[in-house]
Amino acid sequence: MTLSKLSLRNARRQARDYLVYFVTVVMAAALLYSFNGLVFSKEVRQLSEGMDTLPFVIVLASIVVVCIFGWLVSYATSFMLSRRSRELGTYILIGLTNRQVARLFFLENLAVGSAALALGLMLGGLFYQILRAILFAMFSLSYHFSLTLSLPAAGLTLLYFTLIYLHALWKSRKRIRKMKIYNLIYFERQNEGVVIRDGKLRRWMFSVSILLGIAGTTLLMAGELMIGIIGAGCLLAALFGFFLSFASGVPAFFEKRPARKYQGQTLLVFRTLASKLATMGIVMAVISIIFTATLLTEGSGMVFNGIFRGRAAENACFDLYFGIEGEDQDPSSYLEYISGNIPVEQSVLYQVYLCETSQVRDYVSSRTLYYYYNYDQDPVLRWSDYAALRSIAGYPAAEMEPGRYLIHCMAYLEEPLQDYDQPITLGDITLTPGNVYTEHLSQSLGVGNGRGYILVVPDEAVAGQPVHHLSYAAKTLQPVSARQYDALTDIATMEYDKHGTPSGYGFVSTKANETVQVAVQTALLVFPMSYLALALSMTAATILTIQQLSETDRYRRQFILLRKLGMTRQEMERALGGQFALYYAMPAVPPVLIAVPFIFHTARLPEPGVMEGMSSPVVIVALSLVLFFLIYTIYILLAYTSLKHSVLPE
């Protein structure tokens, strides 16, 4: 058999034995190609001027992803070399030179990488279409499926894979060519050394690592760069200290509690786990760090997405809106441009008034976090203007009872305002509270319909009340274009220069512009963060899985012996399940304990009213965990199903 044929045979066997690794490499190629497709897509860049920076952002993210997958390939290649060292040493014994064996190992891994790249490019074309469809949906554009191969994207993906595999295989080839037959044959028996052998020192380090983890998580949420960096350093030290010392903690625990040692499969499960951690503590620590980075990246991406969408939802309730603040509230320049350039179906020009008191603001401020920027008194809106605004926004009609006033507020203020029962007095008219409405109504602006809330009163009640600002809202026959939006903002700038109002003379908002801005911000920030999170989780889960599946022969011998000693198959399944659960839970629990408070804290930082509904802190934390464990569980089930079938005796 020639060297090439032997390489191909071994490559097929390697892909079969390390199927999880092979599938992950295929997914890596698919991810790289799909995001590279965005880099070279003129169609995507033409969606908005803001998308011009997308290629740069994607390339930066891809460099990080290449490093992540490069580490995976390098680790897996070295791991496979250690597991096949006896086989490779045997080749030398039968007459092959070290150079030929190194070439054999190089060719078979290159064949596996090439096959993974080819499959990844085909799958990546589908992934790219999914990303393209998501982008088109975010920009409210129609999408048409067209599966084509982008040669520049494929070329860049090939370059990335070449760098990844050549680096990993060059290291292995260099190692094989320098190793002696004895070292190569017994290389499989080498494990990661126990770094800390003294039991007292390990137990002390375990306690210190817990304290460092708590301190690091707290510092990470401080909000200052240097303190956050110190917190990150504490977390790194905590994770390494935890996994390097954990193996000594298990025997110490059971030494003090001998009665628990022999309950069920406890001794078998924990002894196996402790012995494994004792020889791969550093690897477990690195994987735990990767999982922490995965959850933090994934959760932060969701927080940013919630901020973008929450702010835009409040400002995009009208097709076109502008507000003018200042003593000279002259909308003629805006109205003239709109009349000549933007077809309008329905519109209203109105004023926002002020009460003589701030009783509602003071009530809300005493019961929840509330920012009353730009409003010293409670804002007021005429009933007729409010009814027109609801019609323009497409909301159902509201009801106004005689002698009452309505409250329209953002959702986060609904609960305290539902209980508000104090009357208000405007001139000689006294009104009692009525219904509370919470639809989006441009209430996060200084020149919007109040800051978080507004009081809706009968038209005659506003007579003689001071005017805060003038506003205009319209429902257009077609979306306001970017050119039209820019023209209106230019008018606002010119009016500001003319009047010199310190707080800004005018503000313009359009639904189309808000939609585009959310899409651009999501593409530039959330997409790359999701890309990184997926790459990180796949890499760490793959390394854990190939480590576990490599123990198939040892597990098989162990369970055959246990069967001879009288253990039933049901007991063996419970023992294997317990080992699996603890093995996969160990590197995942510390990241969850670190990431959950950080994500929850970060999601509470934006101004009130933004992170609501599906973007609320609790929901974001839950979704982050669900997405993380969804991917993780797939790898766990694949490994457990394979190992259970292979190692448990019939």
# chains A, B, ... in the order shown; residues from 1 in each chain; ligands from 1
$ residues_around --residues "Ile68 (chain A)" --least-positions-apart "5" --cutoff "9 Å" --atoms "only C-alpha atoms" --output "ChimeraX atom specification"
/A:63,73,532,535-536,539
$ residues_around --residues "region 144-153 of chain A" --least-positions-apart "3" --cutoff "10 Å" --atoms "only C-alpha atoms" --output "MDAnalysis selection string"
chainID A and resid 32:41 121:122 124:126 128:130 132:133 136 141 156:159
$ residues_around --residues "region 418-429 of chain A" --least-positions-apart "4" --cutoff "10 Å" --atoms "only C-alpha atoms" --output "MDAnalysis selection string"
chainID A and resid 354:360 363:364 380 403:405 407 413:414 433:437 455 457:458 460:465
$ closest_residue --among "A:Tyr584, A:Phe291, A:Phe304, A:Phe105" --to "Lys171 (chain A)" --atoms "only C-alpha atoms"
A:Phe105
$ closest_residue --among "A:Arg382, A:Gly301, A:Phe22, A:Tyr640" --to "Asn109 (chain A)" --atoms "only C-alpha atoms"
A:Phe22
$ select_by_dssp --residues "region 463-546 of chain A" --states "helix (DSSP H, G or I)" --output "PyMOL selection string"
chain A and resi 482-499+511-546
$ atom_distance --atom1 "CA of Leu369 (chain A)" --atom2 "CA of Arg451 (chain A)"
12.7 Å
$ select_by_dssp --residues "region 388-604 of chain A" --states "strand (DSSP E)" --output "PyMOL selection string"
chain A and resi 404-409+424-426+429-437+453-457+467-476+506-510
$ write_last_selection --atoms "N, CA and C atoms" --output "mmCIF file, in the first residue's frame"
data_model
loop_
_atom_site.group_PDB
_atom_site.id
_atom_site.type_symbol
_atom_site.label_atom_id
_atom_site.label_comp_id
_atom_site.auth_asym_id
_atom_site.auth_seq_id
_atom_site.Cartn_x
_atom_site.Cartn_y
_atom_site.Cartn_z
ATOM 1 N N ARG A 404 -62.598 64.156 33.373
ATOM 2 C CA ARG A 404 -61.421 63.328 33.652
ATOM 3 C C ARG A 404 -60.264 63.687 32.718
ATOM 4 N N TYR A 405 -59.087 63.220 33.072
ATOM 5 C CA TYR A 405 -57.924 63.322 32.182
ATOM 6 C C TYR A 405 -57.321 61.926 32.019
ATOM 7 N N LEU A 406 -56.725 61.699 30.861
ATOM 8 C CA LEU A 406 -56.064 60.427 30.579
ATOM 9 C C LEU A 406 -54.569 60.562 30.846
ATOM 10 N N ILE A 407 -53.925 59.445 31.050
ATOM 11 C CA ILE A 407 -52.463 59.409 31.151
ATOM 12 C C ILE A 407 -51.944 58.449 30.083
ATOM 13 N N HIS A 408 -51.050 58.958 29.232
ATOM 14 C CA HIS A 408 -50.367 58.078 28.279
ATOM 15 C C HIS A 408 -48.905 58.014 28.695
ATOM 16 N N CYS A 409 -48.438 56.808 28.953
ATOM 17 C CA CYS A 409 -47.077 56.664 29.480
ATOM 18 C C CYS A 409 -46.373 55.481 28.827
ATOM 19 N N ILE A 424 -55.955 67.018 38.966
ATOM 20 C CA ILE A 424 -55.097 68.119 38.539
ATOM 21 C C ILE A 424 -55.986 69.328 38.259
ATOM 22 N N THR A 425 -55.411 70.510 38.396
ATOM 23 C CA THR A 425 -56.155 71.741 38.154
ATOM 24 C C THR A 425 -55.435 72.567 37.104
ATOM 25 N N LEU A 426 -56.151 72.895 36.034
ATOM 26 C CA LEU A 426 -55.644 73.755 34.966
ATOM 27 C C LEU A 426 -56.547 74.980 34.913
ATOM 28 N N ILE A 429 -60.307 74.721 35.936
ATOM 29 C CA ILE A 429 -60.869 73.395 35.616
ATOM 30 C C ILE A 429 -60.125 72.334 36.425
ATOM 31 N N THR A 430 -60.859 71.528 37.140
ATOM 32 C CA THR A 430 -60.287 70.424 37.922
ATOM 33 C C THR A 430 -60.711 69.103 37.292
ATOM 34 N N LEU A 431 -59.740 68.221 37.091
ATOM 35 C CA LEU A 431 -59.979 66.931 36.420
ATOM 36 C C LEU A 431 -59.472 65.796 37.296
ATOM 37 N N THR A 432 -60.162 64.685 37.263
ATOM 38 C CA THR A 432 -59.760 63.488 38.006
ATOM 39 C C THR A 432 -59.164 62.459 37.051
ATOM 40 N N PRO A 433 -58.336 61.523 37.561
ATOM 41 C CA PRO A 433 -57.665 60.555 36.680
ATOM 42 C C PRO A 433 -58.647 59.620 35.983
ATOM 43 N N GLY A 434 -58.316 59.286 34.734
ATOM 44 C CA GLY A 434 -59.089 58.316 33.966
ATOM 45 C C GLY A 434 -58.222 57.132 33.580
ATOM 46 N N ASN A 435 -58.346 56.673 32.346
ATOM 47 C CA ASN A 435 -57.615 55.494 31.880
ATOM 48 C C ASN A 435 -56.133 55.798 31.665
ATOM 49 N N VAL A 436 -55.336 54.715 31.647
ATOM 50 C CA VAL A 436 -53.903 54.805 31.373
ATOM 51 C C VAL A 436 -53.612 53.993 30.116
ATOM 52 N N TYR A 437 -52.911 54.604 29.148
ATOM 53 C CA TYR A 437 -52.554 53.939 27.890
ATOM 54 C C TYR A 437 -51.027 53.885 27.772
ATOM 55 N N TYR A 453 -44.244 60.176 30.115
ATOM 56 C CA TYR A 453 -45.695 60.234 30.294
ATOM 57 C C TYR A 453 -46.190 61.603 29.843
ATOM 58 N N ILE A 454 -47.490 61.698 29.576
ATOM 59 C CA ILE A 454 -48.138 62.971 29.261
ATOM 60 C C ILE A 454 -49.597 62.886 29.702
ATOM 61 N N LEU A 455 -50.134 64.003 30.144
ATOM 62 C CA LEU A 455 -51.523 64.066 30.595
ATOM 63 C C LEU A 455 -52.382 64.584 29.447
ATOM 64 N N VAL A 456 -53.457 63.872 29.138
ATOM 65 C CA VAL A 456 -54.359 64.239 28.043
ATOM 66 C C VAL A 456 -55.618 64.845 28.660
ATOM 67 N N VAL A 457 -55.904 66.087 28.287
ATOM 68 C CA VAL A 457 -57.016 66.824 28.911
ATOM 69 C C VAL A 457 -57.956 67.344 27.835
ATOM 70 N N VAL A 467 -46.678 76.940 26.716
ATOM 71 C CA VAL A 467 -46.332 75.958 25.675
ATOM 72 C C VAL A 467 -44.875 75.536 25.844
ATOM 73 N N HIS A 468 -44.644 74.254 25.875
ATOM 74 C CA HIS A 468 -43.273 73.732 25.990
ATOM 75 C C HIS A 468 -42.599 73.640 24.632
ATOM 76 N N HIS A 469 -43.284 73.045 23.652
ATOM 77 C CA HIS A 469 -42.740 72.952 22.292
ATOM 78 C C HIS A 469 -43.860 72.658 21.305
ATOM 79 N N LEU A 470 -43.534 72.789 20.050
ATOM 80 C CA LEU A 470 -44.468 72.496 18.964
ATOM 81 C C LEU A 470 -44.021 71.218 18.268
ATOM 82 N N SER A 471 -44.984 70.378 17.886
ATOM 83 C CA SER A 471 -44.670 69.101 17.248
ATOM 84 C C SER A 471 -45.530 68.875 16.018
ATOM 85 N N TYR A 472 -45.039 67.951 15.179
ATOM 86 C CA TYR A 472 -45.755 67.578 13.961
ATOM 87 C C TYR A 472 -45.586 66.077 13.781
ATOM 88 N N ALA A 473 -46.679 65.384 13.502
ATOM 89 C CA ALA A 473 -46.638 63.945 13.231
ATOM 90 C C ALA A 473 -47.454 63.665 11.981
ATOM 91 N N ALA A 474 -46.972 62.726 11.165
ATOM 92 C CA ALA A 474 -47.653 62.444 9.899
ATOM 93 C C ALA A 474 -47.570 60.971 9.550
ATOM 94 N N LYS A 475 -48.612 60.533 8.861
ATOM 95 C CA LYS A 475 -48.624 59.217 8.226
ATOM 96 C C LYS A 475 -48.429 59.444 6.742
ATOM 97 N N THR A 476 -47.342 58.921 6.180
ATOM 98 C CA THR A 476 -46.986 59.189 4.786
ATOM 99 C C THR A 476 -47.470 58.070 3.879
ATOM 100 N N GLY A 506 -34.606 71.925 16.881
ATOM 101 C CA GLY A 506 -35.547 70.964 16.330
ATOM 102 C C GLY A 506 -34.999 69.552 16.318
ATOM 103 N N PHE A 507 -35.915 68.591 16.299
ATOM 104 C CA PHE A 507 -35.550 67.180 16.228
ATOM 105 C C PHE A 507 -36.445 66.511 15.202
ATOM 106 N N VAL A 508 -35.840 65.693 14.344
ATOM 107 C CA VAL A 508 -36.580 65.009 13.286
ATOM 108 C C VAL A 508 -36.414 63.502 13.458
ATOM 109 N N SER A 509 -37.506 62.765 13.323
ATOM 110 C CA SER A 509 -37.470 61.313 13.404
ATOM 111 C C SER A 509 -38.396 60.729 12.350
ATOM 112 N N THR A 510 -37.961 59.653 11.703
ATOM 113 C CA THR A 510 -38.818 58.938 10.757
ATOM 114 C C THR A 510 -38.746 57.440 11.049
#
$ residues_around --residues "Ala595 (chain A)" --least-positions-apart "6" --cutoff "12 Å" --atoms "only C-alpha atoms" --output "MDAnalysis selection string"
chainID A and resid 213:214 216:218 220:221 232 235 288:300 588:589 601:603 620:622 624:625 628
$ write_last_selection --atoms "N, CA and C atoms" --output "mmCIF file, in the first residue's frame"
data_model
loop_
_atom_site.group_PDB
_atom_site.id
_atom_site.type_symbol
_atom_site.label_atom_id
_atom_site.label_comp_id
_atom_site.auth_asym_id
_atom_site.auth_seq_id
_atom_site.Cartn_x
_atom_site.Cartn_y
_atom_site.Cartn_z
ATOM 1 N N GLY A 213 -13.282 34.645 42.526
ATOM 2 C CA GLY A 213 -14.401 34.627 41.586
ATOM 3 C C GLY A 213 -15.483 35.618 41.974
ATOM 4 N N ILE A 214 -15.805 35.670 43.266
ATOM 5 C CA ILE A 214 -16.825 36.624 43.742
ATOM 6 C C ILE A 214 -16.341 38.058 43.544
ATOM 7 N N GLY A 216 -14.002 39.141 41.445
ATOM 8 C CA GLY A 216 -13.870 39.456 40.020
ATOM 9 C C GLY A 216 -15.198 39.772 39.370
ATOM 10 N N THR A 217 -16.231 39.001 39.714
ATOM 11 C CA THR A 217 -17.561 39.260 39.154
ATOM 12 C C THR A 217 -18.075 40.621 39.603
ATOM 13 N N THR A 218 -17.839 40.962 40.866
ATOM 14 C CA THR A 218 -18.279 42.267 41.377
ATOM 15 C C THR A 218 -17.545 43.405 40.691
ATOM 16 N N LEU A 220 -16.130 43.358 37.793
ATOM 17 C CA LEU A 220 -16.468 43.409 36.367
ATOM 18 C C LEU A 220 -17.715 44.246 36.120
ATOM 19 N N MET A 221 -18.578 44.338 37.112
ATOM 20 C CA MET A 221 -19.812 45.101 36.963
ATOM 21 C C MET A 221 -19.678 46.544 37.431
ATOM 22 N N ALA A 232 -11.472 41.129 35.530
ATOM 23 C CA ALA A 232 -11.231 40.044 34.577
ATOM 24 C C ALA A 232 -10.011 39.231 34.985
ATOM 25 N N LEU A 235 -10.955 36.909 37.740
ATOM 26 C CA LEU A 235 -11.735 35.773 37.246
ATOM 27 C C LEU A 235 -10.830 34.733 36.588
ATOM 28 N N SER A 288 -13.470 26.595 30.569
ATOM 29 C CA SER A 288 -14.382 27.388 31.392
ATOM 30 C C SER A 288 -14.257 28.873 31.075
ATOM 31 N N ILE A 289 -13.050 29.332 30.812
ATOM 32 C CA ILE A 289 -12.843 30.729 30.412
ATOM 33 C C ILE A 289 -13.531 31.002 29.078
ATOM 34 N N ILE A 290 -13.423 30.059 28.159
ATOM 35 C CA ILE A 290 -14.080 30.222 26.859
ATOM 36 C C ILE A 290 -15.600 30.279 27.028
ATOM 37 N N PHE A 291 -16.136 29.411 27.874
ATOM 38 C CA PHE A 291 -17.584 29.436 28.124
ATOM 39 C C PHE A 291 -18.011 30.757 28.764
ATOM 40 N N THR A 292 -17.186 31.276 29.662
ATOM 41 C CA THR A 292 -17.495 32.574 30.271
ATOM 42 C C THR A 292 -17.537 33.661 29.205
ATOM 43 N N ALA A 293 -16.516 33.657 28.325
ATOM 44 C CA ALA A 293 -16.495 34.639 27.239
ATOM 45 C C ALA A 293 -17.692 34.459 26.309
ATOM 46 N N THR A 294 -18.098 33.204 26.094
ATOM 47 C CA THR A 294 -19.259 32.937 25.242
ATOM 48 C C THR A 294 -20.524 33.567 25.816
ATOM 49 N N LEU A 295 -20.780 33.308 27.085
ATOM 50 C CA LEU A 295 -21.992 33.837 27.712
ATOM 51 C C LEU A 295 -21.971 35.362 27.801
ATOM 52 N N LEU A 296 -20.812 35.933 28.142
ATOM 53 C CA LEU A 296 -20.717 37.393 28.232
ATOM 54 C C LEU A 296 -20.915 38.036 26.862
ATOM 55 N N THR A 297 -20.328 37.443 25.838
ATOM 56 C CA THR A 297 -20.469 37.985 24.485
ATOM 57 C C THR A 297 -21.900 37.843 23.995
ATOM 58 N N GLU A 298 -22.462 36.670 24.199
ATOM 59 C CA GLU A 298 -23.837 36.409 23.768
ATOM 60 C C GLU A 298 -24.828 37.318 24.499
ATOM 61 N N GLY A 299 -24.680 37.426 25.808
ATOM 62 C CA GLY A 299 -25.582 38.266 26.586
ATOM 63 C C GLY A 299 -25.428 39.738 26.249
ATOM 64 N N SER A 300 -24.185 40.197 26.063
ATOM 65 C CA SER A 300 -23.961 41.602 25.714
ATOM 66 C C SER A 300 -24.570 41.925 24.356
ATOM 67 N N ALA A 588 -19.021 24.396 32.983
ATOM 68 C CA ALA A 588 -20.129 25.289 32.628
ATOM 69 C C ALA A 588 -20.708 26.028 33.823
ATOM 70 N N VAL A 589 -20.623 25.449 35.014
ATOM 71 C CA VAL A 589 -21.233 26.090 36.184
ATOM 72 C C VAL A 589 -20.557 27.409 36.550
ATOM 73 N N HIS A 601 -27.064 42.767 35.286
ATOM 74 C CA HIS A 601 -26.660 44.129 35.650
ATOM 75 C C HIS A 601 -26.539 45.012 34.413
ATOM 76 N N THR A 602 -25.926 44.484 33.358
ATOM 77 C CA THR A 602 -25.739 45.263 32.127
ATOM 78 C C THR A 602 -27.078 45.619 31.488
ATOM 79 N N ALA A 603 -28.026 44.692 31.531
ATOM 80 C CA ALA A 603 -29.330 44.939 30.924
ATOM 81 C C ALA A 603 -30.141 45.980 31.691
ATOM 82 N N ILE A 620 -33.521 38.425 28.818
ATOM 83 C CA ILE A 620 -32.219 38.361 28.155
ATOM 84 C C ILE A 620 -31.320 37.320 28.821
ATOM 85 N N VAL A 621 -31.315 37.295 30.145
ATOM 86 C CA VAL A 621 -30.527 36.281 30.853
ATOM 87 C C VAL A 621 -31.016 34.879 30.488
ATOM 88 N N ALA A 622 -32.335 34.693 30.486
ATOM 89 C CA ALA A 622 -32.905 33.378 30.162
ATOM 90 C C ALA A 622 -32.565 32.964 28.734
ATOM 91 N N SER A 624 -30.053 33.977 26.867
ATOM 92 C CA SER A 624 -28.615 33.711 26.768
ATOM 93 C C SER A 624 -28.293 32.300 27.237
ATOM 94 N N LEU A 625 -28.879 31.905 28.358
ATOM 95 C CA LEU A 625 -28.637 30.561 28.881
ATOM 96 C C LEU A 625 -29.237 29.495 27.972
ATOM 97 N N PHE A 628 -27.062 29.111 24.835
ATOM 98 C CA PHE A 628 -25.792 28.478 25.172
ATOM 99 C C PHE A 628 -25.974 26.985 25.411
#
$ atom_distance --atom1 "CA of Ser339 (chain A)" --atom2 "CA of Lys511 (chain A)"
18.4 Å
$ closest_residue --among "A:Ala585, A:Leu488, A:Leu166, A:Met138" --to "Gln521 (chain A)" --atoms "only C-alpha atoms"
A:Met138
$ residues_around --residues "Thr24 (chain A)" --least-positions-apart "2" --cutoff "8 Å" --atoms "only C-alpha atoms" --output "PyMOL selection string"
chain A and resi 20-22+26-28+538-539+542
$ decode --residues "region 29-44 of chain A" --atoms "N, CA, C and O atoms" --output "PDB file, in the first residue's frame"
ATOM      1  N   ALA A  29     -15.915  26.155   8.762  1.00  0.00           N
ATOM      2  CA  ALA A  29     -15.750  26.613   7.377  1.00  0.00           C
ATOM      3  C   ALA A  29     -17.019  27.303   6.884  1.00  0.00           C
ATOM      4  O   ALA A  29     -16.951  28.327   6.187  1.00  0.00           O
ATOM      5  N   ALA A  30     -18.178  26.754   7.254  1.00  0.00           N
ATOM      6  CA  ALA A  30     -19.447  27.350   6.829  1.00  0.00           C
ATOM      7  C   ALA A  30     -19.631  28.741   7.421  1.00  0.00           C
ATOM      8  O   ALA A  30     -20.063  29.676   6.731  1.00  0.00           O
ATOM      9  N   LEU A  31     -19.308  28.887   8.709  1.00  0.00           N
ATOM     10  CA  LEU A  31     -19.437  30.202   9.355  1.00  0.00           C
ATOM     11  C   LEU A  31     -18.494  31.216   8.721  1.00  0.00           C
ATOM     12  O   LEU A  31     -18.876  32.359   8.439  1.00  0.00           O
ATOM     13  N   LEU A  32     -17.239  30.807   8.508  1.00  0.00           N
ATOM     14  CA  LEU A  32     -16.272  31.730   7.921  1.00  0.00           C
ATOM     15  C   LEU A  32     -16.705  32.155   6.521  1.00  0.00           C
ATOM     16  O   LEU A  32     -16.635  33.340   6.167  1.00  0.00           O
ATOM     17  N   TYR A  33     -17.161  31.206   5.718  1.00  0.00           N
ATOM     18  CA  TYR A  33     -17.582  31.551   4.356  1.00  0.00           C
ATOM     19  C   TYR A  33     -18.810  32.454   4.367  1.00  0.00           C
ATOM     20  O   TYR A  33     -18.872  33.428   3.606  1.00  0.00           O
ATOM     21  N   SER A  34     -19.789  32.158   5.234  1.00  0.00           N
ATOM     22  CA  SER A  34     -21.026  32.949   5.230  1.00  0.00           C
ATOM     23  C   SER A  34     -20.751  34.396   5.620  1.00  0.00           C
ATOM     24  O   SER A  34     -21.292  35.328   5.005  1.00  0.00           O
ATOM     25  N   PHE A  35     -19.907  34.611   6.620  1.00  0.00           N
ATOM     26  CA  PHE A  35     -19.601  35.989   7.013  1.00  0.00           C
ATOM     27  C   PHE A  35     -18.650  36.654   6.029  1.00  0.00           C
ATOM     28  O   PHE A  35     -18.713  37.870   5.829  1.00  0.00           O
ATOM     29  N   ASN A  36     -17.782  35.877   5.411  1.00  0.00           N
ATOM     30  CA  ASN A  36     -16.960  36.442   4.336  1.00  0.00           C
ATOM     31  C   ASN A  36     -17.828  36.881   3.162  1.00  0.00           C
ATOM     32  O   ASN A  36     -17.498  37.835   2.453  1.00  0.00           O
ATOM     33  N   GLY A  37     -18.931  36.155   2.955  1.00  0.00           N
ATOM     34  CA  GLY A  37     -19.861  36.561   1.905  1.00  0.00           C
ATOM     35  C   GLY A  37     -20.399  37.956   2.140  1.00  0.00           C
ATOM     36  O   GLY A  37     -20.593  38.734   1.194  1.00  0.00           O
ATOM     37  N   LEU A  38     -20.638  38.317   3.412  1.00  0.00           N
ATOM     38  CA  LEU A  38     -21.086  39.673   3.727  1.00  0.00           C
ATOM     39  C   LEU A  38     -20.003  40.696   3.422  1.00  0.00           C
ATOM     40  O   LEU A  38     -20.295  41.832   3.034  1.00  0.00           O
ATOM     41  N   VAL A  39     -18.737  40.299   3.602  1.00  0.00           N
ATOM     42  CA  VAL A  39     -17.622  41.218   3.352  1.00  0.00           C
ATOM     43  C   VAL A  39     -17.577  41.627   1.890  1.00  0.00           C
ATOM     44  O   VAL A  39     -17.357  42.801   1.559  1.00  0.00           O
ATOM     45  N   PHE A  40     -17.805  40.680   0.986  1.00  0.00           N
ATOM     46  CA  PHE A  40     -17.650  40.947  -0.449  1.00  0.00           C
ATOM     47  C   PHE A  40     -18.971  41.226  -1.161  1.00  0.00           C
ATOM     48  O   PHE A  40     -18.983  41.365  -2.383  1.00  0.00           O
ATOM     49  N   SER A  41     -20.056  41.327  -0.421  1.00  0.00           N
ATOM     50  CA  SER A  41     -21.357  41.546  -1.047  1.00  0.00           C
ATOM     51  C   SER A  41     -21.606  43.039  -1.274  1.00  0.00           C
ATOM     52  O   SER A  41     -21.799  43.794  -0.316  1.00  0.00           O
ATOM     53  N   LYS A  42     -21.615  43.464  -2.525  1.00  0.00           N
ATOM     54  CA  LYS A  42     -21.956  44.852  -2.854  1.00  0.00           C
ATOM     55  C   LYS A  42     -23.426  45.119  -2.529  1.00  0.00           C
ATOM     56  O   LYS A  42     -23.791  46.221  -2.130  1.00  0.00           O
ATOM     57  N   GLU A  43     -24.240  44.086  -2.688  1.00  0.00           N
ATOM     58  CA  GLU A  43     -25.668  44.205  -2.417  1.00  0.00           C
ATOM     59  C   GLU A  43     -25.914  44.574  -0.962  1.00  0.00           C
ATOM     60  O   GLU A  43     -26.757  45.426  -0.652  1.00  0.00           O
ATOM     61  N   VAL A  44     -25.172  43.959  -0.049  1.00  0.00           N
ATOM     62  CA  VAL A  44     -25.335  44.241   1.371  1.00  0.00           C
ATOM     63  C   VAL A  44     -24.851  45.647   1.692  1.00  0.00           C
ATOM     64  O   VAL A  44     -25.493  46.385   2.441  1.00  0.00           O
TER      65      VAL A  44
END
